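Below: query-v5.txt (compact mmCIF, C-alpha atoms)
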# COMPACT_ATOMS: atom_id res chain seq x y z
CA MET U 1 0.00 0.00 0.00
CA THR U 2 1.03 3.62 -0.50
CA SER U 3 0.52 6.61 1.77
CA ASP U 4 -2.40 7.66 -0.46
CA THR U 5 -4.24 4.53 0.69
CA TYR U 6 -4.68 5.95 4.19
CA THR U 7 -7.00 8.68 5.39
CA ILE U 8 -6.07 10.54 8.59
CA ARG U 9 -9.06 12.12 10.32
CA GLU U 10 -10.51 12.99 13.70
CA PHE U 11 -12.38 10.49 15.81
CA LYS U 12 -16.12 10.05 15.23
CA PRO U 13 -18.63 8.46 17.65
CA GLY U 14 -18.93 5.37 15.45
CA ASP U 15 -15.20 4.66 15.78
CA ARG U 16 -15.33 3.40 19.35
CA GLU U 17 -15.55 -0.32 18.60
CA GLY U 18 -12.92 -0.13 15.85
CA PHE U 19 -10.58 1.71 18.21
CA ARG U 20 -11.13 -0.90 20.92
CA ALA U 21 -10.48 -3.74 18.45
CA LEU U 22 -7.24 -2.10 17.31
CA PHE U 23 -6.17 -1.60 20.94
CA GLU U 24 -6.66 -5.30 21.70
CA MET U 25 -4.77 -6.34 18.56
CA VAL U 26 -1.78 -4.08 19.24
CA PHE U 27 -1.50 -4.33 23.03
CA GLU U 28 -2.83 -7.90 23.37
CA ARG U 29 -5.27 -6.97 26.11
CA PRO U 30 -8.86 -5.73 26.00
CA LEU U 31 -10.03 -2.15 26.38
CA SER U 32 -13.47 -2.26 27.99
CA ARG U 33 -16.26 0.12 27.04
CA GLU U 34 -16.20 1.44 30.60
CA THR U 35 -12.48 2.22 30.41
CA PHE U 36 -12.87 3.95 27.04
CA GLU U 37 -15.74 6.07 28.37
CA TRP U 38 -13.79 7.04 31.47
CA LYS U 39 -10.58 7.80 29.62
CA PHE U 40 -11.87 9.75 26.64
CA GLU U 41 -15.54 10.66 27.00
CA ARG U 42 -15.81 11.72 30.63
CA ASN U 43 -12.66 13.84 30.73
CA PRO U 44 -13.77 17.19 32.23
CA TYR U 45 -11.11 19.30 30.53
CA ILE U 46 -11.98 18.97 26.85
CA SER U 47 -15.23 18.96 24.88
CA HIS U 48 -14.32 16.40 22.22
CA VAL U 49 -12.60 13.00 22.06
CA PRO U 50 -8.93 13.84 21.28
CA ILE U 51 -8.11 10.92 18.99
CA LEU U 52 -6.71 10.92 15.44
CA ILE U 53 -7.65 7.92 13.28
CA ALA U 54 -5.84 6.30 10.34
CA GLU U 55 -8.29 4.51 8.07
CA ALA U 56 -7.86 2.25 5.05
CA ASN U 57 -10.83 0.97 3.04
CA GLY U 58 -13.19 1.77 5.89
CA THR U 59 -11.08 -0.05 8.52
CA ILE U 60 -9.27 1.64 11.41
CA VAL U 61 -5.61 0.67 11.08
CA GLY U 62 -3.96 3.29 13.27
CA ALA U 63 -4.71 5.84 16.00
CA ARG U 64 -3.05 8.47 18.15
CA ALA U 65 -4.91 9.46 21.31
CA PHE U 66 -4.50 12.08 24.01
CA LEU U 67 -5.68 12.78 27.54
CA ALA U 68 -6.48 16.37 28.45
CA ARG U 69 -5.56 17.99 31.75
CA ARG U 70 -4.95 21.45 33.13
CA LEU U 71 -1.44 22.53 34.14
CA ARG U 72 -0.65 25.16 36.71
CA VAL U 73 1.80 27.60 35.13
CA GLY U 74 2.81 30.41 37.46
CA GLU U 75 -0.35 32.18 38.58
CA GLY U 76 -2.48 30.79 35.74
CA THR U 77 -3.38 27.51 34.09
CA VAL U 78 -3.16 26.10 30.56
CA LEU U 79 -4.66 23.07 28.84
CA ALA U 80 -2.16 20.27 28.15
CA LEU U 81 -2.47 17.02 26.21
CA GLU U 82 -0.81 13.80 27.34
CA GLY U 83 0.01 11.45 24.50
CA THR U 84 -1.34 7.92 24.96
CA ASP U 85 -2.29 4.81 22.97
CA VAL U 86 -0.31 5.25 19.74
CA MET U 87 -1.27 2.25 17.61
CA VAL U 88 -0.69 0.89 14.11
CA ARG U 89 -1.88 -2.52 12.97
CA PRO U 90 1.07 -4.90 12.47
CA ASP U 91 0.21 -5.51 8.82
CA HIS U 92 0.16 -1.76 8.09
CA ARG U 93 3.44 -0.74 9.70
CA ARG U 94 6.32 0.88 7.82
CA GLN U 95 3.84 2.77 5.68
CA GLY U 96 4.35 6.16 7.32
CA ILE U 97 1.15 5.99 9.38
CA TYR U 98 2.87 6.89 12.65
CA THR U 99 4.47 9.93 11.06
CA ARG U 100 1.23 11.09 9.45
CA LEU U 101 -0.72 10.66 12.67
CA SER U 102 1.87 12.70 14.57
CA GLU U 103 1.97 15.44 11.95
CA SER U 104 -1.82 15.60 11.81
CA ALA U 105 -2.02 15.82 15.60
CA LEU U 106 0.45 18.71 15.64
CA LYS U 107 -1.51 20.49 12.93
CA ARG U 108 -4.85 19.85 14.66
CA TYR U 109 -3.79 21.20 18.03
CA ALA U 110 -1.31 23.92 17.04
CA ASP U 111 -2.56 27.27 18.36
CA SER U 112 -5.65 25.56 19.74
CA GLU U 113 -6.94 25.63 23.29
CA ALA U 114 -4.01 23.36 24.23
CA ALA U 115 -0.61 24.93 24.97
CA LEU U 116 1.50 21.80 25.44
CA TRP U 117 1.73 18.17 24.37
CA PHE U 118 3.64 15.85 26.70
CA GLY U 119 4.19 12.19 27.39
CA PHE U 120 6.73 9.70 28.71
CA ALA U 121 9.20 7.84 26.51
CA ASN U 122 11.69 5.07 27.12
CA GLN U 123 14.82 4.34 25.08
CA ILE U 124 12.83 2.32 22.54
CA SER U 125 10.52 5.19 21.66
CA PHE U 126 13.12 8.01 21.76
CA ARG U 127 13.83 7.96 18.02
CA GLY U 128 10.21 8.34 16.96
CA ASN U 129 9.68 11.23 19.35
CA LEU U 130 12.84 13.03 18.30
CA ASP U 131 11.74 12.78 14.68
CA HIS U 132 8.84 15.09 15.54
CA SER U 133 10.78 18.03 17.00
CA VAL U 134 10.00 17.35 20.63
CA ARG U 135 12.30 17.78 23.62
CA LEU U 136 13.20 15.08 26.09
CA THR U 137 13.84 15.90 29.73
CA ASP U 138 16.27 14.10 31.98
CA ALA U 139 15.12 10.68 33.18
CA VAL U 140 12.14 10.70 35.54
CA PRO U 141 12.70 8.15 38.31
CA THR U 142 10.38 5.38 39.37
CA TYR U 143 10.80 4.02 42.91
CA TYR U 144 10.04 0.41 43.83
CA ARG U 145 9.57 -1.25 47.19
CA LEU U 146 10.04 -4.98 46.48
CA GLN U 147 7.88 -6.62 49.14
CA ASP U 148 7.73 -10.27 48.05
CA PRO U 149 10.89 -11.23 46.16
CA THR U 150 9.88 -14.92 46.03
CA ALA U 151 6.61 -14.08 44.26
CA LEU U 152 8.46 -11.82 41.83
CA LEU U 153 10.71 -14.72 40.84
CA SER U 154 7.66 -16.46 39.33
CA SER U 155 6.29 -13.30 37.73
CA THR U 156 5.73 -13.21 33.96
CA ASP U 157 7.47 -9.81 33.97
CA SER U 158 11.12 -10.59 33.23
CA ILE U 159 12.29 -7.31 34.83
CA TRP U 160 11.55 -8.59 38.31
CA THR U 161 12.75 -12.14 37.79
CA ARG U 162 16.09 -10.80 36.52
CA LEU U 163 16.43 -8.36 39.40
CA VAL U 164 15.61 -10.77 42.21
CA SER U 165 17.77 -13.46 40.64
CA ARG U 166 20.65 -11.02 40.45
CA ILE U 167 20.62 -9.57 43.96
CA GLY U 168 18.87 -12.38 45.85
CA ALA U 169 15.53 -12.54 47.66
CA PRO U 170 17.07 -12.75 51.18
CA LEU U 171 19.06 -9.56 50.57
CA VAL U 172 15.91 -7.71 49.49
CA ARG U 173 14.01 -8.88 52.59
CA SER U 174 16.92 -7.90 54.83
CA TYR U 175 17.08 -4.43 53.27
CA LEU U 176 13.37 -3.80 53.82
CA GLY U 177 13.58 -5.05 57.37
CA VAL U 178 16.39 -2.64 58.20
CA ARG U 179 14.60 0.32 56.59
CA ASP U 180 11.35 -0.43 58.41
CA ARG U 181 13.17 -0.57 61.76
CA THR U 182 15.27 2.56 61.31
CA ARG U 183 12.72 5.20 60.33
CA SER U 184 13.39 7.79 62.99
CA GLU U 185 10.52 10.26 62.76
CA SER U 186 7.08 9.51 64.13
CA SER U 187 3.78 10.25 62.40
CA ASP U 188 1.78 10.09 65.64
CA ALA U 189 1.02 13.82 65.37
CA VAL U 190 -1.72 13.12 62.82
CA SER U 191 -4.63 10.71 62.57
CA VAL U 192 -5.06 8.87 59.27
CA HIS U 193 -8.43 8.07 57.68
CA ARG U 194 -8.95 5.49 54.91
CA HIS U 195 -11.46 6.11 52.12
CA ALA U 196 -12.90 3.53 49.73
CA GLU U 197 -14.30 6.44 47.70
CA ILE U 198 -12.00 9.27 46.65
CA PRO U 199 -12.69 12.33 48.89
CA ALA U 200 -12.47 14.70 45.93
CA GLU U 201 -13.63 17.85 47.69
CA ALA U 202 -11.28 17.39 50.66
CA LEU U 203 -8.25 16.65 48.49
CA GLY U 204 -9.08 19.51 46.12
CA ALA U 205 -9.32 21.91 49.07
CA LEU U 206 -5.97 20.68 50.44
CA TYR U 207 -4.37 21.26 47.04
CA GLU U 208 -5.69 24.83 46.93
CA ARG U 209 -4.12 25.52 50.33
CA THR U 210 -0.75 24.01 49.41
CA THR U 211 -0.42 24.79 45.68
CA PRO U 212 3.28 24.63 44.69
CA ASP U 213 4.82 27.15 42.29
CA MET U 214 6.32 24.57 39.90
CA LEU U 215 4.74 23.12 36.74
CA HIS U 216 2.18 20.47 37.70
CA THR U 217 -1.28 19.12 36.98
CA VAL U 218 -4.07 21.09 38.64
CA ARG U 219 -5.59 18.94 41.38
CA ASP U 220 -9.03 20.38 41.90
CA ALA U 221 -12.09 18.37 42.91
CA SER U 222 -12.97 17.74 39.23
CA PHE U 223 -9.56 16.18 38.71
CA TYR U 224 -9.97 13.80 41.64
CA ARG U 225 -13.50 12.83 40.63
CA TRP U 226 -12.38 11.94 37.11
CA ARG U 227 -8.76 10.82 37.34
CA PHE U 228 -9.32 7.95 39.75
CA GLY U 229 -12.37 6.54 38.03
CA ASN U 230 -10.30 4.10 35.95
CA PRO U 231 -12.22 0.80 36.24
CA GLU U 232 -9.05 -1.25 35.69
CA TRP U 233 -7.60 -0.27 39.08
CA ASP U 234 -8.78 -0.57 42.67
CA TYR U 235 -8.15 2.74 44.46
CA THR U 236 -7.88 3.64 48.13
CA ALA U 237 -7.40 7.17 49.44
CA TYR U 238 -5.86 8.22 52.75
CA THR U 239 -6.15 11.58 54.47
CA ALA U 240 -4.14 12.85 57.43
CA ILE U 241 -6.09 14.94 59.94
CA GLN U 242 -4.52 17.40 62.36
CA GLY U 243 -6.54 19.80 64.47
CA GLY U 244 -9.71 18.78 62.66
CA ARG U 245 -8.26 19.73 59.29
CA VAL U 246 -7.00 17.66 56.34
CA VAL U 247 -3.24 18.28 56.13
CA GLY U 248 -2.08 15.42 53.91
CA GLY U 249 -3.40 12.85 51.49
CA THR U 250 -2.51 10.09 49.09
CA VAL U 251 -4.30 7.91 46.54
CA VAL U 252 -2.99 4.43 45.73
CA GLY U 253 -4.12 1.99 43.06
CA THR U 254 -3.72 -1.79 43.01
CA GLN U 255 -3.82 -4.21 40.09
CA SER U 256 -2.83 -7.84 39.53
CA VAL U 257 -1.36 -8.74 36.12
CA GLY U 258 0.75 -11.70 35.05
CA GLY U 259 1.00 -13.13 38.54
CA THR U 260 2.29 -9.88 40.07
CA THR U 261 0.20 -7.65 42.34
CA THR U 262 1.36 -4.05 42.12
CA THR U 263 0.29 -1.08 44.23
CA ARG U 264 1.15 2.34 42.83
CA ILE U 265 1.27 5.54 44.85
CA ALA U 266 -0.71 7.58 42.35
CA ASP U 267 -0.84 10.94 44.11
CA VAL U 268 0.45 12.63 47.26
CA LEU U 269 -0.41 15.98 48.85
CA PRO U 270 1.25 18.29 49.69
CA MET U 271 3.66 17.92 46.77
CA GLY U 272 7.35 18.71 46.70
CA ARG U 273 10.73 17.56 47.91
CA SER U 274 10.42 19.66 51.06
CA ALA U 275 7.07 18.12 52.05
CA ARG U 276 8.54 15.70 54.62
CA THR U 277 5.78 16.39 57.09
CA PRO U 278 4.14 14.06 59.62
CA ALA U 279 1.09 14.18 57.34
CA ILE U 280 2.95 12.68 54.38
CA LYS U 281 4.61 10.09 56.59
CA GLY U 282 1.28 9.17 58.13
CA VAL U 283 -0.54 8.50 54.86
CA LEU U 284 2.40 6.65 53.31
CA GLU U 285 2.82 4.41 56.35
CA ALA U 286 -0.89 3.57 56.32
CA ALA U 287 -0.85 2.81 52.59
CA ILE U 288 2.23 0.57 52.90
CA ALA U 289 0.77 -1.28 55.90
CA ASP U 290 -2.56 -1.86 54.15
CA HIS U 291 -0.85 -3.26 51.05
CA GLU U 292 1.72 -5.55 52.63
CA ASP U 293 0.30 -8.39 50.50
CA SER U 294 1.25 -6.61 47.26
CA ASP U 295 4.39 -7.99 45.60
CA LEU U 296 5.70 -4.50 45.03
CA ILE U 297 4.74 -0.88 45.69
CA ALA U 298 5.84 1.78 43.23
CA ALA U 299 6.01 5.58 43.16
CA PHE U 300 6.83 7.69 40.11
CA GLY U 301 8.16 11.16 39.56
CA THR U 302 9.28 14.09 41.65
CA ALA U 303 6.27 14.97 43.82
CA VAL U 304 7.61 13.07 46.87
CA SER U 305 11.02 13.53 48.47
CA PRO U 306 13.44 10.78 47.33
CA ALA U 307 14.92 10.72 50.84
CA LEU U 308 11.49 10.01 52.29
CA LEU U 309 10.87 7.18 49.82
CA ASP U 310 14.32 5.79 50.60
CA SER U 311 13.43 5.70 54.29
CA TYR U 312 10.58 3.34 53.41
CA GLY U 313 12.78 1.00 51.39
CA PHE U 314 12.00 2.28 47.89
CA LEU U 315 14.76 1.85 45.29
CA SER U 316 15.14 4.23 42.33
CA ASN U 317 15.47 2.86 38.82
CA CYS U 318 17.94 5.68 38.13
CA ARG U 319 20.48 3.98 40.43
CA PRO U 320 21.80 0.42 40.85
CA PRO U 321 20.55 -2.22 41.29
CA LEU U 322 17.28 -1.28 39.51
CA PHE U 323 19.21 0.79 36.98
CA TRP U 324 20.52 -2.49 35.52
CA VAL U 325 17.10 -3.98 34.74
CA ALA U 326 14.35 -1.32 34.82
CA ALA U 327 15.01 1.58 32.44
CA ALA U 328 13.76 5.00 33.47
CA ASN U 329 11.47 7.06 31.25
CA SER U 330 12.05 10.63 30.18
CA MET U 331 9.36 13.23 29.71
CA VAL U 332 8.59 14.27 26.14
CA VAL U 333 7.36 17.85 25.66
CA HIS U 334 6.24 19.86 22.65
CA SER U 335 4.91 23.40 22.55
CA LEU U 336 1.65 23.90 20.65
CA VAL U 337 1.82 27.70 20.79
CA SER U 338 3.48 29.62 17.99
CA GLY U 339 4.80 33.15 18.16
CA GLN U 340 6.51 32.79 21.54
CA PRO U 341 9.69 31.08 22.78
CA GLU U 342 8.97 27.39 22.27
CA TRP U 343 10.28 26.18 25.60
CA ASN U 344 8.94 28.91 27.85
CA LEU U 345 5.61 28.89 29.66
CA ASP U 346 5.28 31.95 31.90
CA GLY U 347 8.97 31.78 32.75
CA PHE U 348 9.17 27.98 33.07
CA ASP U 349 11.10 25.82 30.62
CA PRO U 350 8.95 22.67 30.29
CA SER U 351 11.86 20.70 28.83
CA ASP U 352 13.71 21.07 32.15
CA ARG U 353 12.61 18.24 34.44
CA SER U 354 13.52 20.26 37.53
CA ASN U 355 10.62 22.61 36.78
CA TRP U 356 8.04 19.83 37.14
CA LEU U 357 6.30 18.04 39.99
CA LEU U 358 5.23 14.66 38.61
CA SER U 359 3.49 11.57 39.94
CA TYR U 360 1.72 8.51 38.55
CA SER U 361 -1.45 10.60 38.24
CA ASP U 362 0.28 12.42 35.36
CA TRP U 363 0.79 9.19 33.43
CA ASP U 364 -1.98 7.03 32.00
CA VAL U 365 -0.43 3.78 33.30
CA ILE U 366 -2.76 3.90 36.33
Rewrite the structure from the file as structure tokens, please.
Amino acid sequence: MTSDTYTIREFKPGDREGFRALFEMVFERPLSRETFEWKFERNPYISHVPILIAEANGTIVGARAFLARRLRVGEGTVLALEGTDVMVRPDHRRQGIYTRLSESALKRYADSEAALWFGFANQISFRGNLDHSVRLTDAVPTYYRLQDPTALLSSTDSIWTRLVSRIGAPLVRSYLGVRDRTRSESSDAVSVHRHAEIPAEALGALYERTTPDMLHTVRDASFYRWRFGNPEWDYTAYTAIQGGRVVGGTVVGTQSVGGTTTTRIADVLPMGRSARTPAIKGVLEAAIADHEDSDLIAAFGTAVSPALLDSYGFLSNCRPPLFWVAAANSMVVHSLVSGQPEWNLDGFDPSDRSNWLLSYSDWDVI
């Protein structure tokens, strides 16, 4: 086939089933109707479904999708698009579909309501992103607390079997035991409450009181109501109360895939490296204690102090031993606004990782 065979267009309501079928073919797992509705149709920050479709003879053979969110930039906010679910049918690859989808997306959203396109790329996907004039930040760390090394040895995920085989399950258990015994600060100054339903209003109000001045996703009540509605994950929220007021919070999600049960620390408030407060310690300790049966607990990004995560036995994939087996991702950023310095948003350079506060809630993997 030639490039003329393919039509690139915007998503239409009748494309949902074709998109879901393509997703299952490419990623070898289903995309439920409920997940599609949550991800693309119930997003509160955009009025249309932000998906570009590649079609050949009436069949969907490729797609490039986005999630919308609002970013806090200085004193104001802007709309940003997170790239997600880039797909091309195996029998239609090497026909320029990826390139045409990317170019069409840039054209569609240039000088639109969106100011920025971002995503997360590993070494495998670097080349394709660089071909489209985007910038890559320094590596964004992921932190892992390996709780059941023996279970990870039988996991279908080769990352964990290689790691545990290399450093040894007893050594991992010993490390966690030492870390758990040597945490010096107490979190008794706060009381921690568990929530089966996300307390969106309380967390949104806490965010408004503690809003950091770095680039980050706006965490208002609308964000919390939508973001943690993903039906593929089981979420639990924790709030820390001091003097009758919410002073800290976290949301964690748990999922079992391929014989491995993973809990991810999706969001933490207040955000920032300096936020080593009893409130943060209290909610993290409660979340870890409640998920001791998970094989591993993971945290992503820069919203929580690395020193605090280290005190709970989390290992960074930017340092050995995880560095050897679990590659870190970098952030991909692209300005959608012409007529101004490309890498400047109200004084912030979005291609500089140090300007961002990031967590799993910024990435569509949870």
- Task: Find the residues around range 327-341 of chain U up to 7 Å (all atoms listed in the file counted), leave out those fewer than 4 positions away in its own chain, and share them as a list of chain:residue names.
- Result: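 The contact residues come out as U:Tyr109, U:Ala110, U:Asp111, U:Ala114, U:Ala115, U:Leu116, U:Trp117, U:Phe118, U:Gly119, U:Phe120, U:Ala121, U:Asn122, U:Val134, U:Arg135, U:Leu136, U:Thr137, U:Asp138, U:Ala139, U:Val140, U:Pro141, U:Thr142, U:Asn317, U:Cys318, U:Phe323, U:Pro350, U:Ser351.
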Let me see the file: selected residues, C-alpha atoms, as a short mmCIF file (atom, residue, chain, number, x, y, z; two decimals), in the coordinates of the input.
data_model
loop_
_atom_site.label_atom_id
_atom_site.label_comp_id
_atom_site.auth_asym_id
_atom_site.auth_seq_id
_atom_site.Cartn_x
_atom_site.Cartn_y
_atom_site.Cartn_z
CA TYR U 109 -3.79 21.20 18.03
CA ALA U 110 -1.31 23.92 17.04
CA ASP U 111 -2.56 27.27 18.36
CA ALA U 114 -4.01 23.36 24.23
CA ALA U 115 -0.61 24.93 24.97
CA LEU U 116 1.50 21.80 25.44
CA TRP U 117 1.73 18.17 24.37
CA PHE U 118 3.64 15.85 26.70
CA GLY U 119 4.19 12.19 27.39
CA PHE U 120 6.73 9.70 28.71
CA ALA U 121 9.20 7.84 26.51
CA ASN U 122 11.69 5.07 27.12
CA VAL U 134 10.00 17.35 20.63
CA ARG U 135 12.30 17.78 23.62
CA LEU U 136 13.20 15.08 26.09
CA THR U 137 13.84 15.90 29.73
CA ASP U 138 16.27 14.10 31.98
CA ALA U 139 15.12 10.68 33.18
CA VAL U 140 12.14 10.70 35.54
CA PRO U 141 12.70 8.15 38.31
CA THR U 142 10.38 5.38 39.37
CA ASN U 317 15.47 2.86 38.82
CA CYS U 318 17.94 5.68 38.13
CA PHE U 323 19.21 0.79 36.98
CA PRO U 350 8.95 22.67 30.29
CA SER U 351 11.86 20.70 28.83
#
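Atom to atom, CA of Ser112 in chain U and CA of Gly83 in chain U stand 15.9 Å apart.
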- Task: Find the residue from U:Leu284, U:Met25, U:Ile46, U:Ala56 that sits nearest to Leu79 in chain U; use only C-alpha atoms when measuring.
- Result: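 Result for the nearest residue to Leu79 in chain U: U:Ile46.
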- Select all residues near (3.6, 16.6, 40.0) (cut-off 10 Å, inclusive, file coordinates), counting only C-alpha atoms, and output them as a PyMOL selection string. chain U and resi 71+212+214-219+267-269+271-272+300-304+355-362
- Task: Name the closest residue to Phe23 in chain U among the candidates U:Lys281, U:Lys107, U:His291, U:Arg64; distances are taken between atoms, counting only C-alpha atoms.
- Result: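 Using only C-alpha atoms, the shortest distance to Phe23 in chain U belongs to U:Arg64.
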- State, in Å with one decimal place, the distance from CA of Ala202 in chain U to CA of Ala189 in chain U. 19.5 Å
- Distance in Å - CA of Ile8 in chain U versus CA of Gly96 in chain U: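 Computing it gives 11.4 Å between the two atoms.
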Counting all atoms listed in the file, give me one row per residue of range 5-94 of chain U with an atom at most 10 Å from an atom of range 224-241 of chain U, showing the shortest contact pair and its distance in Å to one decimal, sorted by chain then residue number, as JSON lines.
{"residue": "U:Leu31", "atom": "CA", "partner": "U:Glu232", "partner_atom": "CA", "distance": 9.4}
{"residue": "U:Ser32", "atom": "CA", "partner": "U:Pro231", "partner_atom": "CA", "distance": 8.9}
{"residue": "U:Glu34", "atom": "CA", "partner": "U:Pro231", "partner_atom": "CA", "distance": 6.9}
{"residue": "U:Thr35", "atom": "CA", "partner": "U:Pro231", "partner_atom": "CA", "distance": 6.0}
{"residue": "U:Phe36", "atom": "CA", "partner": "U:Asn230", "partner_atom": "CA", "distance": 9.3}
{"residue": "U:Glu37", "atom": "CA", "partner": "U:Asn230", "partner_atom": "CA", "distance": 9.5}
{"residue": "U:Trp38", "atom": "CA", "partner": "U:Asn230", "partner_atom": "CA", "distance": 6.4}
{"residue": "U:Lys39", "atom": "CA", "partner": "U:Asn230", "partner_atom": "CA", "distance": 7.3}
{"residue": "U:Arg42", "atom": "CA", "partner": "U:Trp226", "partner_atom": "CA", "distance": 7.3}
{"residue": "U:Asn43", "atom": "CA", "partner": "U:Trp226", "partner_atom": "CA", "distance": 6.7}
{"residue": "U:Pro44", "atom": "CA", "partner": "U:Trp226", "partner_atom": "CA", "distance": 7.3}
{"residue": "U:Tyr45", "atom": "CA", "partner": "U:Trp226", "partner_atom": "CA", "distance": 10.0}
{"residue": "U:Arg69", "atom": "CA", "partner": "U:Arg227", "partner_atom": "CA", "distance": 9.6}
Those residues with C-alpha atoms, as a CSV table (one decimal), in the coordinates of the input please?
chain,number,residue,atom,x,y,z
U,31,LEU,CA,-10.0,-2.2,26.4
U,32,SER,CA,-13.5,-2.3,28.0
U,34,GLU,CA,-16.2,1.4,30.6
U,35,THR,CA,-12.5,2.2,30.4
U,36,PHE,CA,-12.9,4.0,27.0
U,37,GLU,CA,-15.7,6.1,28.4
U,38,TRP,CA,-13.8,7.0,31.5
U,39,LYS,CA,-10.6,7.8,29.6
U,42,ARG,CA,-15.8,11.7,30.6
U,43,ASN,CA,-12.7,13.8,30.7
U,44,PRO,CA,-13.8,17.2,32.2
U,45,TYR,CA,-11.1,19.3,30.5
U,69,ARG,CA,-5.6,18.0,31.8
- Which protein, DNA or RNA residues have an atom at most 8 Å from (1.9, 4.4, 49.3), counting only C-alpha atoms? List them as an MDAnalysis selection string. chainID U and resid 250:252 263:265 283:288 297:299
Edge lengths and centre in Å to one decimal, as JSON, is what I'm after for the box along x, y and z that holds all listed atoms of range 38-42 of chain U once 6 Å is added on each side.
{"center_x": -13.2, "center_y": 9.4, "center_z": 29.1, "size_x": 17.2, "size_y": 16.7, "size_z": 16.8}
